[in-house]
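Participant: Below you will find the structure I want to go over with you.
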Amino acid sequence: MRSGRRLGRRFGWLWGAYGTSALGTWLAFGAFPLIAIQVLHAGPAEVAALSSVGAAVGAVVAVPLGPWVEFRRKRPVLIAMDLVRLAALLTIPVAFALGVLTFLQLLLVSVVVAAADITFRAASGAYLKTLLPTEDLLVANARFESTAWTTTIIGPPLGGAAIGLLGPVATVVADAVSYLLSALGIRAMGGHEPWPEHREAARMRAGDLLDGWRYLLADATLRPLFFNTALFNGLVMAVSPLLAVLMLGRLGFAPWQYGLAFAAPAIGGLLGSRLARPLVTRFGQHRVLVAAGTLRAIWPLGLAFLGPGTGGLLLVIGVELGLIFCCGVFNPVCATYRLERTASGRVTRTLTAWAVTAKASAALLTAVWGVLGGLLGPRTAIGLAGVFLLATPLLLPRRTAVPLSEPDPAPSRT
């Protein structure tokens with residue numbers, strides 16, 4: 001496969017829609033907390049709740065949407081989720097203009113957007129599996145990963161400039177418009193999408209809510225990878241606020257230095273995602289998955305040795321560069337491995353369960369490490385997270401998966 005492999009016009013529209021909405025998200029990065037602080041004069045507890053409670057409740061709301069979406073055509077769902085996010089976000093500038101914006105509204109919007117995000121990602125994974133042959137999935141996921149890191153690099157600086165000139169509400173409008181453009185792009189894809197099999201199962205029962213988790217836990221290769229990613233991502237997220245406290249407080253780094261320490265290393269993710277497919281072609285999917293998954297766990301422990309000044313700044317940049325490079329390789333390989341190991345009739349439920357667990361584990365571990373940071377100090381808590389991360393490679397799949405046989409039997413109704 002050539003690096004410039006063409007995946008067709010329909011994938012091009014889907015890719016463009018993903019990039020547009022991703023850029024909008026990063027343009028509005030941090031806008032909600034800023035609105036809460038600058039416009040609504042919210043305190044630290046309210047700002048923390050906006051970030052954690054909104055995402056957690058949104059994840060709970062998304063749970064029943066996975067089984068519901070599974071037996072419906074995915075492209076209309078993708079368009080609907082974009083329009084839901086568009087409508088929810090536009091209520092903020094409207095309420096702001098009318099002088100009736102409240103903290104409760106911000107919280108409700110964050111819940112709706114979080115639930116729509118999870119549903120969109122799950123439906124897009126299922127749609128991608130029907131859109132492309134198996135041998136092209138890694139190429140597609142690598143392009144999504146590359147786009148994600150590109151927008152991470154350029155989005156926050158542009159968003160910061162827009163906030164400085166126009167205020168945080170303007171970036172929320174930009175984010176909303178990005179979802180409109182995404183919906184138009186997905187609509188422009190055209191083509192016929194067949195109805196999923198087993199449409200008679202479309203009437204959802206209470207037991208269906210756990211179908212995604214049952215499928216993950218029953219698969220001998222997906223199960224360890226599921227636990228690995230939930231624990232790894234949760235611990236990395238848990239360290240972020242402690243690192244901010246350490247750098248911006250005790251070590252006296254300026255805000256621009258803190259931003260640079262996490263923006264510059266994103267180039268590693270771009271490079272890693274570009275190398276994912278060539279590495280898999282040469283060494284095989286399983287070896288690359290295990291190697292990248294192991295190497296990414298080594299880096300965060302270095303943050304426990306962070307000191308002040310230029311040396312400390314370079315340490316953070318170096319650690320984050322290595323971490324993000326390994327994640328840039330691992331993420332598209334993992335996404336492809338997960339799609340290949342999931343039967344077509346289970347993809348939406350499985351990806352929904354995966355995303356909900358990831359958000360829940362991140363929220364839980366962030367709360368736990370916040371307590372540990374208060375008891376032990378941020379540096380010790382960061383080091384403890386690094387030690388736990390060193391154990392996460394033990395949860396990676398130990399053997400190459402047996403190819404999945406399709407079609408999957410009709411889902412059980414328990």
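For the structure tokens, the naming scheme is as follows: chains receive sequential letters (A, B, ...) according to their order of presentation, residues are indexed from 1 within each chain, and ligands are indexed from 1 in presentation order.
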I'd like the contact shell of Trp354 in chain A - 10 Å cut-off, only C-alpha atoms, skipping same-chain residues fewer than 5 positions apart - returned as a list in words.
Facilitator: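 My reading of the contact set: Ile118, Ala122, Gly212, Trp213, Leu216, Phe226, Phe227, Thr229, Ala230, Thr348, Arg349 and Lys359 of chain A.
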Participant: Any chance you could tabulate, as a Markdown table, the residues of range 92-175 of chain A at most 10 Å from range 333-339 of chain A with each one's nearest atom pair and distance in Å to one decimal, using only C-alpha atoms, in chain and rising number order?
Facilitator:
| residue | atom | partner | partner_atom | distance |
| --- | --- | --- | --- | --- |
| A:Gly125 | CA | A:Leu339 | CA | 7.4 |
| A:Ala126 | CA | A:Leu339 | CA | 8.0 |
| A:Leu128 | CA | A:Leu339 | CA | 9.1 |
| A:Lys129 | CA | A:Leu339 | CA | 7.0 |
| A:Thr134 | CA | A:Thr336 | CA | 8.7 |
| A:Glu135 | CA | A:Thr336 | CA | 9.6 |
| A:Asp136 | CA | A:Thr336 | CA | 9.3 |
| A:Leu137 | CA | A:Thr336 | CA | 5.9 |
| A:Leu138 | CA | A:Thr336 | CA | 5.4 |
| A:Val139 | CA | A:Thr336 | CA | 9.0 |
| A:Ala140 | CA | A:Thr336 | CA | 8.9 |
| A:Asn141 | CA | A:Thr336 | CA | 6.7 |
| A:Ala142 | CA | A:Val333 | CA | 7.8 |
| A:Glu145 | CA | A:Ala335 | CA | 9.8 |
Participant: Mind writing the picked residues with C-alpha atoms as a PDB file, in the first residue's frame?
Facilitator:
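Final output, saved to selection_19.pdb:
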ATOM      1  CA  GLY A 125     -16.701   3.709  13.469  1.00  0.00           C
ATOM      2  CA  ALA A 126     -19.526   1.416  12.380  1.00  0.00           C
ATOM      3  CA  LEU A 128     -16.326   3.381   8.379  1.00  0.00           C
ATOM      4  CA  LYS A 129     -16.301  -0.411   8.597  1.00  0.00           C
ATOM      5  CA  THR A 134     -10.632  -4.198   5.894  1.00  0.00           C
ATOM      6  CA  GLU A 135      -7.225  -3.580   4.319  1.00  0.00           C
ATOM      7  CA  ASP A 136      -7.937   0.177   4.131  1.00  0.00           C
ATOM      8  CA  LEU A 137      -9.084   0.679   7.724  1.00  0.00           C
ATOM      9  CA  LEU A 138      -5.596   1.375   9.086  1.00  0.00           C
ATOM     10  CA  VAL A 139      -4.926   3.941   6.348  1.00  0.00           C
ATOM     11  CA  ALA A 140      -8.199   5.687   7.205  1.00  0.00           C
ATOM     12  CA  ASN A 141      -7.637   5.627  10.971  1.00  0.00           C
ATOM     13  CA  ALA A 142      -4.089   6.928  10.519  1.00  0.00           C
ATOM     14  CA  GLU A 145      -5.267  10.465  13.855  1.00  0.00           C
TER      15      GLU A 145
END
Participant: Write out as an mmCIF file with all heavy atoms, in the first residue's frame which residues come within 8 Å of Ala31 in chain A when counting only C-alpha atoms, dropping same-chain ones fewer than 4 positions away.
Facilitator:
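See out_39.cif below for the written result:
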data_model
loop_
_atom_site.group_PDB
_atom_site.id
_atom_site.type_symbol
_atom_site.label_atom_id
_atom_site.label_comp_id
_atom_site.auth_asym_id
_atom_site.auth_seq_id
_atom_site.Cartn_x
_atom_site.Cartn_y
_atom_site.Cartn_z
ATOM 1 N N ILE A 35 -16.137 31.177 29.885
ATOM 2 C CA ILE A 35 -17.453 31.815 29.968
ATOM 3 C C ILE A 35 -17.975 31.755 31.391
ATOM 4 O O ILE A 35 -18.521 32.730 31.922
ATOM 5 C CB ILE A 35 -18.431 31.130 28.991
ATOM 6 C CG1 ILE A 35 -18.017 31.403 27.541
ATOM 7 C CG2 ILE A 35 -19.858 31.620 29.230
ATOM 8 C CD1 ILE A 35 -18.828 30.623 26.523
ATOM 9 N N PRO A 168 -14.799 34.554 24.526
ATOM 10 C CA PRO A 168 -14.973 33.107 24.414
ATOM 11 C C PRO A 168 -16.253 32.682 23.707
ATOM 12 O O PRO A 168 -16.317 31.601 23.117
ATOM 13 C CB PRO A 168 -14.961 32.632 25.871
ATOM 14 C CG PRO A 168 -15.341 33.827 26.668
ATOM 15 C CD PRO A 168 -14.795 34.998 25.929
ATOM 16 N N VAL A 169 -17.301 33.504 23.750
ATOM 17 C CA VAL A 169 -18.558 33.133 23.101
ATOM 18 C C VAL A 169 -18.365 33.014 21.588
ATOM 19 O O VAL A 169 -19.000 32.178 20.935
ATOM 20 C CB VAL A 169 -19.662 34.153 23.437
ATOM 21 C CG1 VAL A 169 -20.950 33.831 22.684
ATOM 22 C CG2 VAL A 169 -19.926 34.157 24.936
ATOM 23 N N THR A 171 -15.826 31.801 19.985
ATOM 24 C CA THR A 171 -15.281 30.491 19.618
ATOM 25 C C THR A 171 -16.337 29.397 19.735
ATOM 26 O O THR A 171 -16.262 28.387 19.030
ATOM 27 C CB THR A 171 -14.057 30.140 20.494
ATOM 28 O OG1 THR A 171 -14.456 30.070 21.871
ATOM 29 C CG2 THR A 171 -12.961 31.176 20.334
ATOM 30 N N VAL A 172 -17.319 29.583 20.613
ATOM 31 C CA VAL A 172 -18.435 28.636 20.679
ATOM 32 C C VAL A 172 -19.233 28.690 19.380
ATOM 33 O O VAL A 172 -19.667 27.657 18.851
ATOM 34 C CB VAL A 172 -19.336 28.937 21.896
ATOM 35 C CG1 VAL A 172 -20.588 28.059 21.879
ATOM 36 C CG2 VAL A 172 -18.564 28.734 23.185
#
Participant: Applying 12 Å and only C-alpha atoms, which residues near Arg250 in chain A remain after dropping the ones on its own chain fewer than 3 positions away? List them as a tab-separated table (two decimals) with N, CA and C atoms, in the first residue's frame.
Facilitator:
chain	number	residue	atom	x	y	z
A	242	LEU	N	-2.80	18.03	38.07
A	242	LEU	CA	-1.70	18.09	39.04
A	242	LEU	C	-0.46	18.72	38.41
A	243	LEU	N	-0.24	18.40	37.15
A	243	LEU	CA	0.91	18.99	36.46
A	243	LEU	C	0.72	20.49	36.29
A	244	ALA	N	-0.52	20.91	36.03
A	244	ALA	CA	-0.79	22.35	35.93
A	244	ALA	C	-0.53	23.05	37.25
A	245	VAL	N	-0.96	22.43	38.34
A	245	VAL	CA	-0.71	23.01	39.67
A	245	VAL	C	0.78	23.12	39.94
A	246	LEU	N	1.53	22.07	39.61
A	246	LEU	CA	2.96	22.05	39.86
A	246	LEU	C	3.70	23.08	39.02
A	247	MET	N	3.36	23.14	37.73
A	247	MET	CA	4.10	24.03	36.83
A	247	MET	C	3.73	25.50	37.05
A	253	PHE	N	6.23	28.52	36.35
A	253	PHE	CA	6.25	28.67	34.90
A	253	PHE	C	5.16	29.66	34.47
A	254	ALA	N	5.47	30.43	33.43
A	254	ALA	CA	4.49	31.37	32.89
A	254	ALA	C	3.43	30.59	32.09
A	306	LEU	N	10.35	16.76	37.39
A	306	LEU	CA	10.27	18.09	36.82
A	306	LEU	C	10.83	19.13	37.78
A	307	GLY	N	11.66	20.01	37.23
A	307	GLY	CA	12.22	21.10	38.01
A	307	GLY	C	11.93	22.44	37.36
A	308	PRO	N	12.37	23.53	37.96
A	308	PRO	CA	12.08	24.86	37.42
A	308	PRO	C	13.00	25.22	36.26
A	309	GLY	N	12.69	26.32	35.60
A	309	GLY	CA	13.58	26.87	34.58
A	309	GLY	C	13.52	26.17	33.24
A	377	GLY	N	0.99	15.66	47.88
A	377	GLY	CA	1.66	16.66	47.06
A	377	GLY	C	1.58	16.28	45.60
A	378	PRO	N	1.52	17.26	44.68
A	378	PRO	CA	1.35	16.95	43.27
A	378	PRO	C	2.49	16.12	42.67
A	379	ARG	N	3.74	16.39	43.08
A	379	ARG	CA	4.88	15.66	42.50
A	379	ARG	C	4.81	14.18	42.87
Participant: Please report the interatomic distance between CA of Cys327 in chain A and CA of Gly269 in chain A in Å with one decimal.
Facilitator: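 Computed distance, CA of Cys327 in chain A to CA of Gly269 in chain A, equals 6.6 Å.
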Participant: Grab the CA of Leu315 in chain A to CA of Ala264 in chain A distance for me, in Å with one decimal place.
Facilitator: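 For CA of Leu315 in chain A relative to CA of Ala264 in chain A, the distance reads 12.6 Å.
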Participant: Could you tell me how far CA of His41 in chain A lies from CA of Ala22 in chain A, in Å and to one decimal?
Facilitator: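 CA of Ala22 in chain A lies at a distance of 28.4 Å from CA of His41 in chain A.
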Participant: Which residues are near Leu289 in chain A? Cut-off 7 Å, only C-alpha atoms, ignore same chain within fewer than 2 positions. Put them as a list in words.
Facilitator: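 Near neighbours after the sequence-gap exclusion: Gln285, His286, Arg287, Ala291, Ala292, Gly293, Phe330, Val333 and Cys334 of chain A.
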Participant: Go ahead and write the residues just picked, N, CA, C and O atoms, as a PDB file, in the first residue's frame.
Facilitator:
ATOM      1  N   GLN A 285       0.726  -6.113  12.704  1.00  0.00           N
ATOM      2  CA  GLN A 285      -0.174  -5.330  13.551  1.00  0.00           C
ATOM      3  C   GLN A 285       0.042  -5.592  15.039  1.00  0.00           C
ATOM      4  O   GLN A 285       0.148  -4.658  15.842  1.00  0.00           O
ATOM      5  N   HIS A 286       0.111  -6.860  15.419  1.00  0.00           N
ATOM      6  CA  HIS A 286       0.190  -7.193  16.838  1.00  0.00           C
ATOM      7  C   HIS A 286       1.489  -6.693  17.458  1.00  0.00           C
ATOM      8  O   HIS A 286       1.495  -6.151  18.572  1.00  0.00           O
ATOM      9  N   ARG A 287       2.608  -6.855  16.766  1.00  0.00           N
ATOM     10  CA  ARG A 287       3.897  -6.421  17.314  1.00  0.00           C
ATOM     11  C   ARG A 287       3.933  -4.906  17.488  1.00  0.00           C
ATOM     12  O   ARG A 287       4.455  -4.402  18.490  1.00  0.00           O
ATOM     13  N   ALA A 291       4.305  -3.059  21.043  1.00  0.00           N
ATOM     14  CA  ALA A 291       5.492  -2.220  21.225  1.00  0.00           C
ATOM     15  C   ALA A 291       5.117  -0.770  21.522  1.00  0.00           C
ATOM     16  O   ALA A 291       5.633  -0.160  22.475  1.00  0.00           O
ATOM     17  N   ALA A 292       4.213  -0.200  20.727  1.00  0.00           N
ATOM     18  CA  ALA A 292       3.812   1.194  20.952  1.00  0.00           C
ATOM     19  C   ALA A 292       3.063   1.328  22.275  1.00  0.00           C
ATOM     20  O   ALA A 292       3.253   2.310  23.006  1.00  0.00           O
ATOM     21  N   GLY A 293       2.216   0.338  22.601  1.00  0.00           N
ATOM     22  CA  GLY A 293       1.486   0.384  23.864  1.00  0.00           C
ATOM     23  C   GLY A 293       2.401   0.290  25.069  1.00  0.00           C
ATOM     24  O   GLY A 293       2.124   0.878  26.122  1.00  0.00           O
ATOM     25  N   PHE A 330       0.172   4.182  18.288  1.00  0.00           N
ATOM     26  CA  PHE A 330      -0.725   3.209  18.920  1.00  0.00           C
ATOM     27  C   PHE A 330      -2.191   3.431  18.564  1.00  0.00           C
ATOM     28  O   PHE A 330      -2.920   2.465  18.267  1.00  0.00           O
ATOM     29  N   VAL A 333      -3.604   2.116  15.157  1.00  0.00           N
ATOM     30  CA  VAL A 333      -3.476   0.657  15.125  1.00  0.00           C
ATOM     31  C   VAL A 333      -4.512   0.031  16.044  1.00  0.00           C
ATOM     32  O   VAL A 333      -5.165  -0.962  15.697  1.00  0.00           O
ATOM     33  N   CYS A 334      -4.696   0.615  17.227  1.00  0.00           N
ATOM     34  CA  CYS A 334      -5.693   0.118  18.176  1.00  0.00           C
ATOM     35  C   CYS A 334      -7.099   0.258  17.610  1.00  0.00           C
ATOM     36  O   CYS A 334      -7.921  -0.670  17.717  1.00  0.00           O
TER      37      CYS A 334
END
Participant: Skip range 76-89 of chain A itself and residues of its chain fewer than 3 positions away, then list as a PyMOL selection string all residues within 7 Å of it, counting only C-alpha atoms.
Facilitator: chain A and resi 73+92+109+113+116+120+123-124+172+176-177+179-180+182-183+186
Participant: Applying 7 Å and only C-alpha atoms, which residues near Arg72 in chain A remain after dropping the ones on its own chain fewer than 2 positions away? List them as a ChimeraX atom specification.
Facilitator: /A:69-70,74,195-196
Participant: Can you work out which one of A:Val236, A:Ala218, A:Ala170, A:Ala148 has the shortest atom-to-atom distance to Gly328 in chain A, counting only C-alpha atoms?
Facilitator: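 Of all the options, A:Ala148 lies closest to Gly328 in chain A.
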Participant: Tell me which of A:Val288, A:Ala55, A:Leu181, A:Leu166 sits closest to Thr20 in chain A, counting only C-alpha atoms.
Facilitator: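 Going through A:Val288, A:Ala55, A:Leu181, A:Leu166 one by one, the smallest distance to Thr20 in chain A is for A:Leu181.
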Participant: Which of these, A:Pro278, A:Pro194, A:Gly16, A:Pro265, has the shortest distance to Leu314 in chain A once you count only C-alpha atoms?
Facilitator: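 Looking at the shortest contact to Leu314 in chain A, the residue is A:Pro265.
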Participant: Counting only C-alpha atoms, figure out which residue out of A:Thr366, A:Ser273, A:Thr342, A:Thr130 gets nearest to Cys326 in chain A.
Facilitator: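 Of A:Thr366, A:Ser273, A:Thr342, A:Thr130, the one nearest Cys326 in chain A is A:Ser273, counting only C-alpha atoms.
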